[in-house]
file model04.cif (mmCIF, C-alpha atoms)
data_my_file
loop_
_atom_site.label_atom_id
_atom_site.label_comp_id
_atom_site.auth_asym_id
_atom_site.auth_seq_id
_atom_site.Cartn_x
_atom_site.Cartn_y
_atom_site.Cartn_z
CA MET A 1 195.48 -89.99 -5.50
CA GLU A 2 197.80 -91.68 -7.99
CA LYS A 3 200.89 -93.37 -6.56
CA SER A 4 204.30 -93.79 -8.13
CA ASP A 5 206.28 -97.04 -8.40
CA SER A 6 208.15 -96.23 -5.19
CA ASN A 7 208.44 -97.54 -1.68
CA SER A 8 206.32 -94.57 -0.51
CA THR A 9 202.82 -94.96 0.85
CA GLY A 10 201.79 -91.63 -0.66
CA SER A 11 200.66 -88.57 1.26
CA ASP A 12 197.48 -86.67 1.92
CA ALA A 13 196.56 -84.45 -1.03
CA GLU A 14 194.89 -81.83 1.15
CA THR A 15 197.98 -81.49 3.36
CA ILE A 16 200.23 -81.12 0.31
CA ALA A 17 197.93 -78.46 -1.13
CA ALA A 18 197.97 -76.63 2.23
CA LEU A 19 201.78 -76.90 2.31
CA ALA A 20 202.10 -75.28 -1.11
CA GLN A 21 199.72 -72.50 -0.08
CA ALA A 22 201.55 -71.92 3.22
CA GLY A 23 204.91 -71.82 1.44
CA GLU A 24 203.74 -69.07 -0.89
CA ALA A 25 202.22 -67.11 2.00
CA ILE A 26 205.45 -67.36 4.03
CA LYS A 27 207.56 -66.17 1.09
CA ALA A 28 205.19 -63.23 0.55
CA GLU A 29 205.45 -62.23 4.22
CA VAL A 30 209.25 -62.53 4.33
CA GLY A 31 209.41 -60.53 1.10
CA LYS A 32 208.05 -57.53 3.03
CA ILE A 33 211.42 -57.32 4.80
CA ILE A 34 213.96 -59.29 2.70
CA VAL A 35 214.60 -57.90 -0.77
CA GLY A 36 215.62 -60.53 -3.34
CA GLN A 37 217.40 -63.72 -2.15
CA THR A 38 214.49 -65.77 -3.53
CA ASP A 39 216.64 -68.88 -4.06
CA VAL A 40 218.02 -68.71 -0.51
CA ILE A 41 214.53 -68.38 1.03
CA ASN A 42 213.28 -71.28 -1.12
CA GLN A 43 216.17 -73.47 0.00
CA VAL A 44 215.68 -72.69 3.69
CA LEU A 45 211.94 -73.45 3.43
CA THR A 46 212.69 -76.67 1.56
CA ALA A 47 215.09 -77.76 4.30
CA PHE A 48 212.58 -76.82 7.00
CA PHE A 49 209.74 -78.98 5.66
CA ALA A 50 212.20 -81.82 4.99
CA ARG A 51 213.09 -81.68 8.72
CA GLY A 52 216.65 -80.83 7.71
CA HIS A 53 219.05 -78.38 9.33
CA CYS A 54 220.50 -75.60 7.23
CA VAL A 55 223.67 -73.49 7.36
CA ILE A 56 223.80 -70.19 5.47
CA GLU A 57 227.23 -68.89 4.51
CA GLY A 58 228.05 -65.34 3.49
CA VAL A 59 230.08 -62.29 4.40
CA PRO A 60 228.75 -60.03 7.19
CA GLY A 61 225.98 -57.61 6.31
CA LEU A 62 223.96 -59.75 3.88
CA ALA A 63 220.95 -60.07 6.24
CA LYS A 64 221.50 -63.77 7.02
CA THR A 65 220.26 -63.38 10.60
CA LEU A 66 217.42 -61.04 9.60
CA MET A 67 216.23 -63.55 7.00
CA ILE A 68 216.09 -66.37 9.54
CA SER A 69 214.36 -64.29 12.21
CA SER A 70 211.84 -63.08 9.59
CA LEU A 71 211.05 -66.65 8.59
CA THR A 72 210.48 -67.63 12.21
CA GLU A 73 208.11 -64.66 12.69
CA THR A 74 205.74 -66.30 10.20
CA MET A 75 205.55 -69.47 12.32
CA SER A 76 203.98 -69.86 15.75
CA LEU A 77 207.05 -71.58 17.22
CA ASP A 78 209.59 -71.04 20.00
CA PHE A 79 212.67 -69.33 18.61
CA THR A 80 216.04 -68.95 20.33
CA ARG A 81 219.14 -67.19 19.09
CA VAL A 82 222.61 -68.09 20.37
CA GLN A 83 225.56 -65.93 19.41
CA PHE A 84 228.48 -68.31 18.92
CA THR A 85 231.64 -66.72 20.32
CA PRO A 86 235.13 -68.11 21.09
CA ASP A 87 234.35 -68.36 24.83
CA LEU A 88 230.99 -70.16 24.43
CA MET A 89 230.92 -73.48 26.33
CA PRO A 90 228.96 -76.65 25.41
CA THR A 91 226.78 -76.30 28.53
CA ASP A 92 225.83 -72.79 27.37
CA ILE A 93 223.93 -74.58 24.59
CA THR A 94 222.70 -77.86 26.06
CA GLY A 95 222.16 -76.82 29.67
CA THR A 96 223.71 -78.01 32.92
CA THR A 97 222.96 -79.99 36.09
CA LEU A 98 222.63 -77.85 39.22
CA LEU A 99 222.74 -78.84 42.90
CA ASN A 100 219.69 -77.36 44.61
CA GLU A 101 218.29 -77.50 48.12
CA ASP A 102 214.56 -77.91 48.77
CA GLU A 103 212.49 -76.47 51.66
CA HIS A 104 213.37 -79.48 53.85
CA GLY A 105 217.10 -78.91 53.45
CA LYS A 106 217.55 -81.92 51.16
CA ARG A 107 219.94 -81.48 48.29
CA HIS A 108 219.19 -82.83 44.84
CA PHE A 109 220.31 -82.31 41.28
CA THR A 110 218.08 -80.59 38.75
CA PHE A 111 218.68 -80.02 35.07
CA ALA A 112 218.52 -76.44 33.82
CA LYS A 113 217.66 -76.64 30.13
CA GLY A 114 219.82 -74.68 27.71
CA PRO A 115 218.71 -72.68 24.67
CA VAL A 116 218.76 -75.80 22.47
CA PHE A 117 215.38 -76.72 23.98
CA THR A 118 213.38 -74.76 21.42
CA ASN A 119 211.72 -75.27 18.04
CA ILE A 120 214.06 -73.16 15.94
CA LEU A 121 217.62 -72.56 17.12
CA LEU A 122 219.55 -69.83 15.35
CA ALA A 123 223.24 -70.66 15.74
CA ASP A 124 224.57 -67.25 14.76
CA GLU A 125 228.12 -67.26 13.34
CA ILE A 126 228.53 -70.90 14.30
CA ASN A 127 232.10 -71.04 13.02
CA ARG A 128 233.35 -68.39 15.46
CA THR A 129 233.34 -70.91 18.30
CA PRO A 130 235.86 -73.80 18.67
CA PRO A 131 234.95 -77.34 17.47
CA LYS A 132 234.44 -78.55 21.07
CA THR A 133 231.45 -76.24 21.45
CA GLN A 134 230.21 -76.84 17.91
CA ALA A 135 230.11 -80.56 18.76
CA ALA A 136 227.54 -79.86 21.49
CA LEU A 137 224.95 -79.77 18.71
CA LEU A 138 225.83 -83.16 17.17
CA GLU A 139 223.40 -85.29 19.20
CA ALA A 140 220.69 -82.64 19.12
CA MET A 141 220.84 -82.37 15.32
CA GLN A 142 220.89 -86.10 14.63
CA GLU A 143 218.81 -87.72 17.40
CA ARG A 144 216.91 -84.57 18.47
CA ASN A 145 217.97 -85.48 21.97
CA VAL A 146 220.35 -84.10 24.61
CA SER A 147 222.35 -86.23 27.08
CA VAL A 148 223.63 -84.56 30.25
CA GLY A 149 224.84 -86.25 33.43
CA GLY A 150 223.77 -89.69 32.29
CA GLU A 151 220.21 -88.58 31.55
CA SER A 152 218.58 -88.11 28.16
CA TYR A 153 216.18 -85.27 27.38
CA LYS A 154 213.98 -85.16 24.29
CA LEU A 155 213.91 -81.93 22.31
CA PRO A 156 210.56 -80.39 21.34
CA GLU A 157 209.04 -81.00 17.91
CA PRO A 158 209.53 -79.57 15.42
CA PHE A 159 213.22 -78.90 15.99
CA LEU A 160 215.47 -77.20 13.49
CA VAL A 161 218.95 -75.67 13.60
CA LEU A 162 219.45 -72.72 11.27
CA ALA A 163 223.08 -71.64 11.41
CA THR A 164 224.92 -68.75 9.85
CA GLN A 165 228.62 -68.77 9.20
CA ASN A 166 231.21 -66.43 7.76
CA PRO A 167 233.60 -67.57 5.03
CA ILE A 168 236.43 -69.50 6.70
CA GLU A 169 239.01 -67.15 5.19
CA GLN A 170 237.85 -64.44 7.60
CA GLU A 171 239.62 -63.59 10.85
CA GLY A 172 238.58 -65.55 13.95
CA THR A 173 236.76 -68.43 12.27
CA TYR A 174 237.06 -72.20 12.80
CA ALA A 175 236.22 -74.71 10.08
CA LEU A 176 233.22 -76.85 11.05
CA PRO A 177 234.17 -80.53 11.57
CA GLU A 178 233.08 -82.87 8.76
CA ALA A 179 230.74 -84.77 11.11
CA GLN A 180 229.04 -81.49 12.00
CA LEU A 181 228.69 -80.35 8.39
CA ASP A 182 227.26 -83.73 7.35
CA ARG A 183 224.33 -83.19 9.72
CA PHE A 184 223.24 -80.10 7.81
CA LEU A 185 220.91 -80.96 4.95
CA PHE A 186 221.95 -77.81 3.05
CA LEU A 187 224.91 -75.48 2.90
CA VAL A 188 223.39 -72.38 1.31
CA ARG A 189 225.66 -69.65 -0.03
CA ILE A 190 224.30 -66.12 -0.08
CA ASN A 191 225.77 -63.57 -2.48
CA TYR A 192 225.74 -59.79 -2.79
CA PRO A 193 222.47 -58.26 -4.06
CA SER A 194 222.09 -56.74 -7.51
CA LEU A 195 222.14 -52.96 -7.94
CA SER A 196 218.34 -52.68 -8.10
CA GLU A 197 217.95 -54.95 -5.06
CA GLU A 198 220.53 -52.98 -3.09
CA GLU A 199 218.70 -49.75 -3.89
CA LYS A 200 215.46 -51.23 -2.51
CA ILE A 201 217.33 -52.49 0.57
CA LEU A 202 218.72 -49.03 1.28
CA LEU A 203 215.28 -47.42 0.98
CA SER A 204 213.42 -50.03 3.07
CA THR A 205 215.97 -50.37 5.88
CA THR A 206 216.41 -46.64 6.52
CA LEU A 207 212.78 -46.19 7.57
CA GLU A 208 211.77 -45.81 11.23
CA SER A 209 210.79 -49.49 11.62
CA LEU A 210 210.42 -52.74 9.70
CA PRO A 211 206.96 -54.12 8.91
CA LYS A 212 205.42 -56.62 11.35
CA LEU A 213 204.93 -60.04 9.82
CA GLU A 214 201.86 -62.25 10.24
CA GLN A 215 202.02 -65.80 11.59
CA ILE A 216 201.04 -68.26 8.86
CA ILE A 217 201.29 -71.72 10.49
CA ASP A 218 201.67 -73.29 13.94
CA GLY A 219 203.65 -76.22 15.32
CA PRO A 220 201.11 -79.07 14.93
CA THR A 221 200.38 -77.98 11.34
CA ILE A 222 204.11 -77.93 10.53
CA ILE A 223 204.59 -81.42 11.98
CA GLY A 224 201.72 -82.70 9.83
CA MET A 225 203.23 -81.11 6.73
CA GLN A 226 206.67 -82.55 7.48
CA LYS A 227 205.11 -86.02 7.78
CA ALA A 228 203.27 -85.48 4.50
CA VAL A 229 206.57 -84.59 2.80
CA ARG A 230 208.05 -87.91 3.95
CA GLY A 231 205.14 -89.68 2.28
CA ILE A 232 205.63 -88.06 -1.13
CA GLY A 233 206.30 -90.62 -3.85
CA VAL A 234 209.77 -91.28 -5.24
CA SER A 235 210.22 -93.66 -8.17
CA HIS A 236 213.08 -96.15 -8.34
CA GLU A 237 214.46 -94.13 -11.27
CA VAL A 238 214.69 -90.96 -9.17
CA ALA A 239 216.23 -92.84 -6.21
CA ASN A 240 218.73 -94.51 -8.56
CA TYR A 241 219.76 -91.13 -9.97
CA ALA A 242 220.31 -89.69 -6.48
CA ALA A 243 222.36 -92.75 -5.48
CA ARG A 244 224.54 -92.52 -8.61
CA LEU A 245 225.21 -88.83 -8.00
CA ALA A 246 226.35 -89.52 -4.44
CA ARG A 247 228.47 -92.53 -5.42
CA ALA A 248 230.15 -90.59 -8.24
CA THR A 249 231.72 -88.25 -5.64
CA ARG A 250 233.76 -91.07 -4.08
CA PRO A 251 237.30 -91.40 -5.47
CA GLY A 252 238.22 -94.96 -6.34
CA SER A 253 234.62 -96.13 -6.75
CA PRO A 254 233.51 -97.64 -10.09
CA GLU A 255 231.10 -94.72 -10.61
CA ALA A 256 233.71 -91.99 -10.02
CA PRO A 257 234.76 -90.06 -13.14
CA ASP A 258 238.40 -89.18 -13.79
CA PHE A 259 238.10 -85.63 -12.46
CA VAL A 260 236.82 -86.95 -9.11
CA ASN A 261 239.76 -89.37 -8.83
CA GLN A 262 242.08 -86.49 -9.72
CA TRP A 263 240.73 -83.78 -7.38
CA VAL A 264 238.60 -85.26 -4.59
CA ARG A 265 240.13 -86.48 -1.32
CA TRP A 266 236.91 -87.93 0.15
CA GLY A 267 233.40 -88.13 -1.25
CA CYS A 268 229.87 -87.97 0.11
CA GLY A 269 228.42 -90.57 2.46
CA PRO A 270 224.91 -92.06 2.35
CA ARG A 271 223.43 -88.91 3.96
CA ALA A 272 224.01 -87.14 0.63
CA GLY A 273 221.61 -89.44 -1.22
CA GLN A 274 219.10 -89.21 1.61
CA GLY A 275 219.40 -85.44 1.51
CA LEU A 276 218.81 -85.31 -2.24
CA LEU A 277 215.61 -87.34 -1.94
CA LEU A 278 214.31 -85.41 1.08
CA ALA A 279 214.98 -82.10 -0.66
CA ALA A 280 213.24 -83.37 -3.81
CA LYS A 281 210.22 -84.49 -1.79
CA SER A 282 209.99 -81.19 0.07
CA ASN A 283 210.29 -79.18 -3.14
CA ALA A 284 207.56 -81.28 -4.73
CA GLY A 285 205.31 -80.69 -1.71
CA LEU A 286 205.94 -76.94 -1.77
CA SER A 287 205.00 -77.04 -5.45
CA GLY A 288 201.74 -78.88 -4.64
CA ARG A 289 202.85 -82.19 -6.19
CA SER A 290 202.67 -85.65 -4.63
CA ASP A 291 205.60 -87.16 -6.57
CA ALA A 292 209.24 -86.08 -6.72
CA THR A 293 211.10 -85.97 -10.03
CA ILE A 294 214.70 -85.98 -11.26
CA GLU A 295 214.34 -82.21 -11.82
CA ASP A 296 213.54 -81.82 -8.11
CA VAL A 297 216.77 -83.67 -7.27
CA GLN A 298 218.85 -81.58 -9.68
CA LYS A 299 217.59 -78.35 -8.14
CA PHE A 300 219.35 -79.14 -4.84
CA VAL A 301 222.52 -80.94 -5.90
CA LEU A 302 224.75 -77.98 -4.98
CA PRO A 303 223.44 -77.23 -1.45
CA VAL A 304 223.32 -80.96 -0.58
CA LEU A 305 226.71 -82.07 -1.94
CA ARG A 306 229.02 -79.03 -1.72
CA HIS A 307 229.85 -79.46 2.00
CA ARG A 308 230.09 -83.25 2.00
CA MET A 309 233.28 -83.72 -0.01
CA GLY A 310 236.89 -82.68 0.48
CA LEU A 311 239.30 -81.59 -2.22
CA ASN A 312 242.97 -82.49 -2.40
CA PHE A 313 245.95 -80.18 -2.88
CA ALA A 314 245.92 -80.63 -6.66
CA ALA A 315 242.35 -79.30 -6.87
CA VAL A 316 243.09 -76.29 -4.67
CA SER A 317 246.28 -75.44 -6.54
CA GLU A 318 244.40 -75.59 -9.85
CA GLY A 319 241.65 -73.30 -8.55
CA GLN A 320 238.90 -75.92 -8.40
CA SER A 321 236.09 -75.65 -5.83
CA THR A 322 233.53 -78.19 -4.62
CA ASP A 323 230.89 -76.24 -6.55
CA ASP A 324 232.93 -76.76 -9.74
CA ILE A 325 233.11 -80.51 -9.05
CA VAL A 326 229.36 -80.74 -8.38
CA ASP A 327 228.57 -78.84 -11.60
CA MET A 328 230.76 -81.27 -13.55
CA LEU A 329 229.09 -84.24 -11.85
CA VAL A 330 225.61 -83.10 -12.90
CA LYS A 331 226.83 -82.96 -16.51
CA HIS A 332 228.63 -86.29 -16.22
CA VAL A 333 225.98 -88.47 -14.48
CA PRO A 334 223.16 -89.40 -16.89
CA GLU A 335 219.58 -89.02 -15.72
CA LYS A 336 218.76 -92.58 -16.76
CA ALA A 337 221.14 -95.38 -15.90
CA SER A 338 221.91 -98.36 -18.05
CA ALA A 339 220.65 -101.72 -16.83
CA ALA A 340 224.20 -102.63 -15.77
CA ALA A 341 224.62 -99.39 -13.81
CA SER A 342 221.28 -99.92 -12.06
CA GLN A 343 222.37 -103.38 -10.98
CA LYS A 344 225.65 -101.95 -9.55
CA VAL A 345 223.81 -99.32 -7.47
CA ALA A 346 221.32 -101.88 -6.25
#

call {"tool": "encode", "arguments": {"input": "model04.cif", "output": "structure tokens"}}
result
Amino acid sequence: MEKSDSNSTGSDAETIAALAQAGEAIKAEVGKIIVGQTDVINQVLTAFFARGHCVIEGVPGLAKTLMISSLTETMSLDFTRVQFTPDLMPTDITGTTLLNEDEHGKRHFTFAKGPVFTNILLADEINRTPPKTQAALLEAMQERNVSVGGESYKLPEPFLVLATQNPIEQEGTYALPEAQLDRFLFLVRINYPSLSEEEKILLSTTLESLPKLEQIIDGPTIIGMQKAVRGIGVSHEVANYAARLARATRPGSPEAPDFVNQWVRWGCGPRAGQGLLLAAKSNAGLSGRSDATIEDVQKFVLPVLRHRMGLNFAAVSEGQSTDDIVDMLVKHVPEKASAAASQKVA
């Protein structure tokens, strides 16, 4: 297998080929239930094999939860759904320490694991619970670990949080803290279906029952594929492009264009560049390729960057959104850097 001029050690060609085949099979199975939303399904699968968490945003009734549960049906993994409500407590997610008495009358503490101890956690309507409870997922999402009562407990592998959230303008929602959002590889926005898609949805969902989906892959296979994705080659040119995109979001930096200095309050941290490369690698793997390209990076600029920057009052008052800023950045940042720009990034 040919290697790129990257710091990657390459990955197994057979595993990459199996990943591409499994991805197509999963999409075909999910397509039996979910009509349209091809881009959303592709993004969630890309995040999954990149070992990245994903939040899907959209108004109620767009089948966000059904899409996630359908995806999990195609995988032989433990799946837990938690409905995030205003009265949900952190221990309702992580678990709690209980005082028990054994047969000899001796009392001792035991840890009762919460629903986070699973392979795929569906955090349904995550922004309907206060930030204190949302923060219960911070350690789990980053370290894949839970600390309770001075003890640490490892989460099972693979572990992925798939969250749904309603637009923050809706009644009874809380904005996710920046630290929480930054731990999600993607923020995926789901839109209304087209007329033809909605017609198919109406016909398929008013039948007696939905089709049963087949399991395509199991846990050990998924872990192997996720490792193979990490080994996919990335050239210095591709890494440089991802770094320049992330750095261009930061007001006051030498790489920031005028519109960023004018409208952006804070830009993306290093996780943005990492996310761009991981998404590019995963997309390459799902396409059966062993090297990621600049086109792979560009495909995921919006879901990786849109939730990692904050706009100032001037941007909001002028009707600008983070998506608008990201679109302008893609046009502004050249694919190939000058020698001087490469030295700055390095």

call {"tool": "residues_around", "arguments": {"input": "model04.cif", "residues": "Gly52 in chain A", "least_positions_apart": "6", "cutoff": "10 Å", "atoms": "all atoms listed in the file", "output": "list in words"}}
result
Val44, Leu45, Thr46, Met141, Gln142, Phe159, Leu160, Val161, Leu162, Arg183, Phe184, Leu185, Phe186, Gly275, Leu278 and Ala279 of chain A

call {"tool": "residues_around", "arguments": {"input": "model04.cif", "residues": "range 251-257 of chain A", "least_positions_apart": "6", "cutoff": "8 Å", "atoms": "all atoms listed in the file", "output": "ChimeraX atom specification"}}
result
/A:244,264-267,332

call {"tool": "resolve_selection", "arguments": {"input": "model04.cif", "expression": "the PyMOL selection byres ((chain A and resi 323-325) around 8)", "output": "NGL selection string"}}
result
:A and (259-260 or 302 or 306 or 320-322 or 326-329)

call {"tool": "residues_around", "arguments": {"input": "model04.cif", "residues": "Val188 in chain A", "least_positions_apart": "6", "cutoff": "9 Å", "atoms": "all atoms listed in the file", "output": "list in words"}}
result
Val40, Gln43, Val44, Cys54, Val55, Ile56, Glu57, Gly58, Leu302, Pro303 and Val304 of chain A

call {"tool": "atom_distance", "arguments": {"input": "model04.cif", "atom1": "CA of Asp78 in chain A", "atom2": "CA of Asn283 in chain A"}}
result
24.5 Å

call {"tool": "resolve_selection", "arguments": {"input": "model04.cif", "expression": "the PyMOL selection byres ((chain A and resi 91-105) around 8)", "output": "PyMOL selection string"}}
result
chain A and resi 82+88-90+106-117+136-137+146+148-149

call {"tool": "write_last_selection", "arguments": {"input": "model04.cif", "atoms": "C-alpha atoms", "output": "PDB file, in the coordinates of the input"}}
result
ATOM      1  CA  VAL A  82     222.610 -68.090  20.370  1.00  0.00           C
ATOM      2  CA  LEU A  88     230.990 -70.160  24.430  1.00  0.00           C
ATOM      3  CA  MET A  89     230.920 -73.480  26.330  1.00  0.00           C
ATOM      4  CA  PRO A  90     228.960 -76.650  25.410  1.00  0.00           C
ATOM      5  CA  LYS A 106     217.550 -81.920  51.160  1.00  0.00           C
ATOM      6  CA  ARG A 107     219.940 -81.480  48.290  1.00  0.00           C
ATOM      7  CA  HIS A 108     219.190 -82.830  44.840  1.00  0.00           C
ATOM      8  CA  PHE A 109     220.310 -82.310  41.280  1.00  0.00           C
ATOM      9  CA  THR A 110     218.080 -80.590  38.750  1.00  0.00           C
ATOM     10  CA  PHE A 111     218.680 -80.020  35.070  1.00  0.00           C
ATOM     11  CA  ALA A 112     218.520 -76.440  33.820  1.00  0.00           C
ATOM     12  CA  LYS A 113     217.660 -76.640  30.130  1.00  0.00           C
ATOM     13  CA  GLY A 114     219.820 -74.680  27.710  1.00  0.00           C
ATOM     14  CA  PRO A 115     218.710 -72.680  24.670  1.00  0.00           C
ATOM     15  CA  VAL A 116     218.760 -75.800  22.470  1.00  0.00           C
ATOM     16  CA  PHE A 117     215.380 -76.720  23.980  1.00  0.00           C
ATOM     17  CA  ALA A 136     227.540 -79.860  21.490  1.00  0.00           C
ATOM     18  CA  LEU A 137     224.950 -79.770  18.710  1.00  0.00           C
ATOM     19  CA  VAL A 146     220.350 -84.100  24.610  1.00  0.00           C
ATOM     20  CA  VAL A 148     223.630 -84.560  30.250  1.00  0.00           C
ATOM     21  CA  GLY A 149     224.840 -86.250  33.430  1.00  0.00           C
TER      22      GLY A 149
END

call {"tool": "decode", "arguments": {"input": "model04.cif", "residues": "range 132-143 of chain A", "atoms": "N, CA and C atoms", "output": "tab-separated table (two decimals), in the first residue's frame"}}
result
chain	number	residue	atom	x	y	z
A	132	LYS	N	-25.72	22.31	34.49
A	132	LYS	CA	-25.12	21.45	35.53
A	132	LYS	C	-25.25	19.98	35.15
A	133	THR	N	-26.38	19.59	34.62
A	133	THR	CA	-26.58	18.19	34.23
A	133	THR	C	-25.88	17.90	32.91
A	134	GLN	N	-25.90	18.85	31.99
A	134	GLN	CA	-25.17	18.67	30.73
A	134	GLN	C	-23.69	18.39	31.00
A	135	ALA	N	-23.15	19.08	32.02
A	135	ALA	CA	-21.73	18.94	32.34
A	135	ALA	C	-21.36	17.55	32.84
A	136	ALA	N	-22.36	16.75	33.22
A	136	ALA	CA	-22.07	15.39	33.68
A	136	ALA	C	-21.46	14.53	32.57
A	137	LEU	N	-21.61	14.98	31.34
A	137	LEU	CA	-21.07	14.22	30.21
A	137	LEU	C	-19.66	14.65	29.80
A	138	LEU	N	-19.15	15.74	30.39
A	138	LEU	CA	-17.87	16.29	29.94
A	138	LEU	C	-16.74	15.27	30.03
A	139	GLU	N	-16.55	14.67	31.20
A	139	GLU	CA	-15.47	13.70	31.38
A	139	GLU	C	-15.70	12.46	30.52
A	140	ALA	N	-16.94	12.00	30.47
A	140	ALA	CA	-17.25	10.81	29.68
A	140	ALA	C	-16.92	11.02	28.21
A	141	MET	N	-17.23	12.20	27.67
A	141	MET	CA	-17.02	12.46	26.26
A	141	MET	C	-15.55	12.65	25.93
A	142	GLN	N	-14.79	13.24	26.83
A	142	GLN	CA	-13.38	13.51	26.54
A	142	GLN	C	-12.48	12.33	26.91
A	143	GLU	N	-12.56	11.88	28.18
A	143	GLU	CA	-11.66	10.83	28.64
A	143	GLU	C	-12.27	9.43	28.54
